[in-house]
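Since the structure comes first, as structure tokens, the remarks are kept for the end.
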Amino acid sequence: MLIIGIAGGTGSGKTTVVNQIINELPNQDVTVISQDSYYKATDDLAYDERTKINFDHPRAIDFKLLVEHLIELRAGNAIEQPVYSFAAHNRTKDTVKTHPSKVIIVEGILIFSKRKVRELLDIKVFVHADSDERLIRRLKRDIQERARDMDEVLLRYQETLKPMHQQFIEPMKEYADIIIPNNKYNTVAVDIVRTIINEKL
């Protein structure tokens, strides 16, 4: 089994890179685990209180459960992956049964911020994108897919996303094995990642 971590700022294009890697692999025995599934449950908070949570801080993530699940998958056991609702700002009661596979891709903005997670990753990839480009992508995604309004997204960007990126995400580049600039010229970097995967498999 090969566990690959793909990190980078919000809107950096991590999902695009994940898809580029998966689509070119000769066999499709790949499982993708999103950090977003591991936001902590906030059942004890009212909706208005949940909207004020800083979801871009490492303490918002249930890293303990993520580590346990990665260890279980590495051992060949299936896990019950949480399901998170961005509309409700809370984990749902549902889970998704996730089976081990030859390649596990873990993607998320904060996955390099925890040493125990980093130690479980065989390859660490950081996707880099210009801050203006990331903001534009975040705006489009949150408005179209997560039912947010523009003022809410911009306020969150100014108050939490930008400072959290500078504190917890950008410095994590030093742990990356490969840094991919997310633009039209990134095909070589993606090809290198795929080659490494194929060699290790």
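Ordering of the structure tokens sets the chain letters (A, B, ...), residue numbers begin anew at 1 in every chain, and ligands are numbered from 1 in the order given.
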
Taking a cut-off of 12 Å and counting only C-alpha atoms, can you build a table that, for each residue of range 40-107 of chain A near range 195-201 of chain A, reports the nearest atom pair and how far apart they are in Å (one decimal), sorted by chain then residue number, as a tab-separated table?
residue	atom	partner	partner_atom	distance
A:Ser101	CA	A:Leu201	CA	11.3
A:Lys102	CA	A:Leu201	CA	7.5
A:Val103	CA	A:Ile197	CA	8.2
A:Ile104	CA	A:Ile197	CA	10.8
A:Ile105	CA	A:Ile197	CA	11.0

- prompt: So which residues touch range 6-21 of chain A within 7 Å, counting only C-alpha atoms, skipping near sequence neighbours fewer than 6 positions away, as a ChimeraX atom specification?
  reply: /A:106-112,124-129,134-135,137-138,165,169,182,190,194

Give one line per residue of range 57-167 of chain A that approaches range 33-51 of chain A to at most 7 Å, naming the two atoms of the closest pair and their distance in Å to one decimal, counting only C-alpha atoms; sort by chain then ascending residue number and deliver it as CSV.
residue,atom,partner,partner_atom,distance
A:Ala60,CA,A:Tyr39,CA,5.8
A:Ile61,CA,A:Tyr39,CA,4.5
A:Asp62,CA,A:Lys40,CA,5.2
A:Leu66,CA,A:Tyr38,CA,6.7
A:Pro82,CA,A:Ser37,CA,5.5
A:Val83,CA,A:Ser37,CA,5.4
A:Tyr84,CA,A:Ser37,CA,5.2
A:His89,CA,A:Arg50,CA,6.0
A:Asn90,CA,A:Ala41,CA,5.7
A:Arg91,CA,A:Ala41,CA,5.0
A:Ile105,CA,A:Ile33,CA,6.0
A:Val106,CA,A:Ile33,CA,4.8
A:Glu107,CA,A:Ser34,CA,5.1
A:Gly108,CA,A:Gln35,CA,4.8

task: Would you list the contacts of Leu70 in chain A as a PyMOL selection string, taking every protein, DNA or RNA residue within 12 Å and counting only C-alpha atoms, but skipping same-chain residues closer than 4 positions in sequence?
output: chain A and resi 1-5+31-35+63-66+74-81+98-101+103-106+116-122

Of the listed residues A:Lys162, A:Glu24, A:Arg148, A:Phe168, that which approaches Ala88 in chain A most closely, counting only C-alpha atoms: A:Arg148

- request: For range 139-141 of chain A, work out the shell of residues within 12 Å, counting only C-alpha atoms and skipping chain neighbours fewer than 6 positions away, then give it as a PyMOL selection string.
  value: chain A and resi 10-13+86+132-133+147-157+161

For the selection just defined, write its residues with N, CA and C atoms to a file, as a short mmCIF file (atom, residue, chain, number, x, y, z; two decimals), in the first residue's frame.
data_model
loop_
_atom_site.label_atom_id
_atom_site.label_comp_id
_atom_site.auth_asym_id
_atom_site.auth_seq_id
_atom_site.Cartn_x
_atom_site.Cartn_y
_atom_site.Cartn_z
N THR A 10 -6.40 26.58 0.45
CA THR A 10 -7.76 26.49 -0.05
C THR A 10 -7.82 27.05 -1.47
N GLY A 11 -8.47 26.32 -2.38
CA GLY A 11 -8.58 26.78 -3.76
C GLY A 11 -7.30 26.64 -4.57
N SER A 12 -6.33 25.89 -4.06
CA SER A 12 -5.05 25.77 -4.79
C SER A 12 -5.15 24.79 -5.96
N GLY A 13 -6.19 23.96 -5.96
CA GLY A 13 -6.34 23.00 -7.05
C GLY A 13 -5.94 21.59 -6.68
N PHE A 86 -21.34 20.69 4.83
CA PHE A 86 -20.91 22.09 4.85
C PHE A 86 -22.09 23.03 5.06
N ASP A 132 -4.37 35.25 -5.17
CA ASP A 132 -5.54 35.81 -5.85
C ASP A 132 -6.33 34.70 -6.54
N GLU A 133 -5.62 33.78 -7.17
CA GLU A 133 -6.26 32.66 -7.85
C GLU A 133 -7.01 31.78 -6.85
N ALA A 147 -23.59 27.00 -0.82
CA ALA A 147 -24.69 27.91 -0.48
C ALA A 147 -24.27 29.07 0.41
N ARG A 148 -23.05 29.58 0.22
CA ARG A 148 -22.60 30.75 0.97
C ARG A 148 -22.85 32.00 0.13
N ASP A 149 -22.92 33.17 0.80
CA ASP A 149 -23.00 34.41 0.02
C ASP A 149 -21.62 35.06 -0.03
N MET A 150 -21.42 35.99 -0.97
CA MET A 150 -20.10 36.55 -1.24
C MET A 150 -19.53 37.26 -0.01
N ASP A 151 -20.37 38.05 0.69
CA ASP A 151 -19.88 38.77 1.86
C ASP A 151 -19.35 37.82 2.92
N GLU A 152 -20.06 36.70 3.12
CA GLU A 152 -19.64 35.71 4.12
C GLU A 152 -18.29 35.10 3.75
N VAL A 153 -18.14 34.76 2.47
CA VAL A 153 -16.89 34.14 2.00
C VAL A 153 -15.72 35.12 2.14
N LEU A 154 -15.93 36.36 1.73
CA LEU A 154 -14.85 37.35 1.80
C LEU A 154 -14.46 37.67 3.24
N LEU A 155 -15.45 37.75 4.12
CA LEU A 155 -15.17 38.02 5.54
C LEU A 155 -14.36 36.87 6.13
N ARG A 156 -14.78 35.63 5.82
CA ARG A 156 -14.06 34.46 6.33
C ARG A 156 -12.63 34.43 5.78
N TYR A 157 -12.48 34.83 4.52
CA TYR A 157 -11.14 34.83 3.91
C TYR A 157 -10.22 35.80 4.66
N LEU A 161 -9.13 32.54 6.75
CA LEU A 161 -8.42 31.79 5.72
C LEU A 161 -7.01 32.30 5.47
#

message: What does the structure give for the distance between CA of Asn54 in chain A and CA of Val67 in chain A, in Å to one decimal?
response: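 These atoms are spaced 21.4 Å apart.
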
query: Please, which residues of range 7-163 of chain A, numbered as in this document, come out alpha helix (DSSP H) from DSSP, as number ranges by chain?
result: A: 14-24, 47-50, 63-74, 115-118, 131-145, 150-156, 162-163
